[in-house]
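K.L.:
Take this structure first; my questions come after.
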Amino acid sequence: MRLAVKPTRMELLGLRKRLKLARRGHELLKQRRDELMRRFLEVIRDSKAQREKTELLLEKSYKETAEARALMDESSFRSSMFIGKPALVDVEVKNVGGLWLPRITTSAPPAPVYGFATTPAKLDTAVSSMRELFPELIKLAEVEHTIRALASEIAITRRRVNALEHIMIPRLEETIRYIEMKMDDAERAEFSARTKIKEIAEKAGKNGA
Amino acid sequence: MSQYGIAIIGDDETVAGFGAAGIAAYPVSDSDSALGVLQNVRKMNYGIIFITEAYAKGLETLIINIGTEALPIIISIPGKEGSKGVGIKWLQKVAERAVGFDILSQNK
């Protein structure tokens with residue numbers, strides 16, 4: 001599809017400039033897409049490994065918690081699980097190659113306080129495996145979020161690359177060809193008109209002499 | 001750099017144990033209440049919100065929409081009923097959309 005412009009020299013010069021810009025933009029976006037893709041491929045495997053590792057630990061932790069719970073009455077279980085201070089994470093959002101990615105750092109969560117004498121040993125196992133799980137959960141959140149951000153950025157960049165490659169650049173090229181043709185036509189028409197006029201003028205000159 | 005808490009939304013039995021790691025537990029009983037709780041919890045000062053697979057299922061579109069914002073990070077994890085592979089499947093889907101084909105299950 002041609003752009004709706006008048007076939008003038010002014011437009012032609014403008015379009016040539018736009019085409020040059022579009023090609024340059026296309027090149028840069030392609031490089032960006034490839035770089036994002038490279039990083040995506042780097043992270044995706046870590047992400048999968050982290051997912052599998054965390055899910056295994058989760059399963060273990062659930063099992064142990066359920067066992068401990070079965071040995072205790074509900075209220076003492078709940079109070080043992082309760083710790084006054086919630087765990088806090090430091091989240092630093094960093095701009096990496098135009099993408100805002102979170103970097104999460106954390107220290108070990110505060111240990112729950114309960115009387116060892118009155119609680120079953122199973123509870124200690126459950127609590128310690130939950131605390132072991134904690135950093136893995138944080139890591140999982142970080143890598144999966146990174147993957148999400150990269151994936152959506154890749155999708156956007158790819159759409160832009162395609163729009164330039166398959167729509168914008170062909171349209172500009174077609175319009176430029178159209179104007180060049182029109183201008184050639186006009187030039188030929190003018191040339192033959194001029195030749196004709198010259199003939200007539202020469203004829204008129206001879207007859208007059 | 002700022003500090004944020006961590007929350008988990010899921011069925012009571014699953015989330016109870018997370019208290020031992022200092023993760024705030026929000027027990028819910030069905031997907032509808034999970035949605036309500038998630039809407040409230042995401043406005044609080046949490047950097048990461050975990051939600052169990054069973055309840056995350058009904059909330060996929062919401063999670064995808066919020067998921068593009070930097071914070072909070074919303075991640076689904078298996079509940080006490082065990083992993084249904086939702087997390088891995090999700091990763092495969094993301095990879096497929098980004099790369100154009102399923103790279104994860106291919107070279108297993």
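Chain labels A, B, ... are given in the sequence in which chains occur in the structure tokens; within each chain residues are numbered consecutively from 1, and ligands are likewise numbered from 1 in the order shown.
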Taking only C-alpha atoms into account, report as number ranges by chain which residues of chain B lie within 8 Å of chain A.

P.N.:
B: 1-6, 14, 16-24, 47-48, 67-68, 70, 73-75, 77-78, 80, 82-83, 87-88, 91, 94-95, 97-99, 104

K.L.:
For Asp11 in chain B, list every protein, DNA or RNA residue within 12 Å, evaluated using only C-alpha atoms, and leave out those in the same chain fewer than 2 positions away; present the list as a PyMOL selection string.

P.N.:
chain B and resi 8-9+13-18+25-31+33-34+51-56+78-81

K.L.:
What does the file look like for those residues with C-alpha atoms, as a short mmCIF file (atom, residue, chain, number, x, y, z; two decimals), in the first residue's frame?

P.N.:
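After the write, selection-v9.cif holds the following:
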```
data_model
loop_
_atom_site.label_atom_id
_atom_site.label_comp_id
_atom_site.auth_asym_id
_atom_site.auth_seq_id
_atom_site.Cartn_x
_atom_site.Cartn_y
_atom_site.Cartn_z
CA ILE B 8 1.18 -15.85 50.81
CA ILE B 9 -2.41 -16.48 49.78
CA GLU B 13 -3.55 -25.67 55.83
CA THR B 14 -0.96 -24.71 53.23
CA VAL B 15 -0.23 -21.19 54.37
CA ALA B 16 -0.09 -21.81 58.14
CA GLY B 17 3.48 -23.10 58.12
CA PHE B 18 4.87 -20.07 56.29
CA ALA B 25 -0.29 -15.78 55.69
CA TYR B 26 -3.66 -14.90 54.16
CA PRO B 27 -5.85 -17.98 54.33
CA VAL B 28 -8.72 -18.12 51.83
CA SER B 29 -11.25 -20.80 51.01
CA ASP B 30 -12.07 -20.26 47.33
CA SER B 31 -10.87 -18.46 44.20
CA SER B 33 -12.08 -14.68 48.08
CA ALA B 34 -8.50 -15.21 46.85
CA ILE B 51 -0.37 -17.60 45.69
CA THR B 52 -1.08 -21.32 45.60
CA GLU B 53 -1.66 -22.92 42.21
CA ALA B 54 -5.21 -23.98 43.07
CA TYR B 55 -6.29 -20.36 43.49
CA ALA B 56 -3.93 -18.79 40.99
CA PRO B 78 2.17 -25.45 44.55
CA GLY B 79 -0.08 -25.89 47.55
CA LYS B 80 -0.21 -28.83 49.94
CA GLU B 81 -1.86 -30.97 47.26
#
```

K.L.:
Separation of CA of Met168 in chain A and CA of Arg32 in chain A, in Å?

P.N.:
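Between these atoms lies a distance of 18.7 Å.
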
K.L.:
Taking 6 positions as the minimum chain separation for residues in the same chain, which residues sit within 10 Å of range 174-188 of chain A when counting only C-alpha atoms? Answer as a PyMOL selection string.

P.N.:
chain A and resi 1-9+11-16+19+194

K.L.:
For CA of Thr157 in chain A and CA of Lys30 in chain A, quote the distance in Å rounded to one decimal.

P.N.:
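Taking CA of Thr157 in chain A and CA of Lys30 in chain A, their separation equals 8.0 Å.
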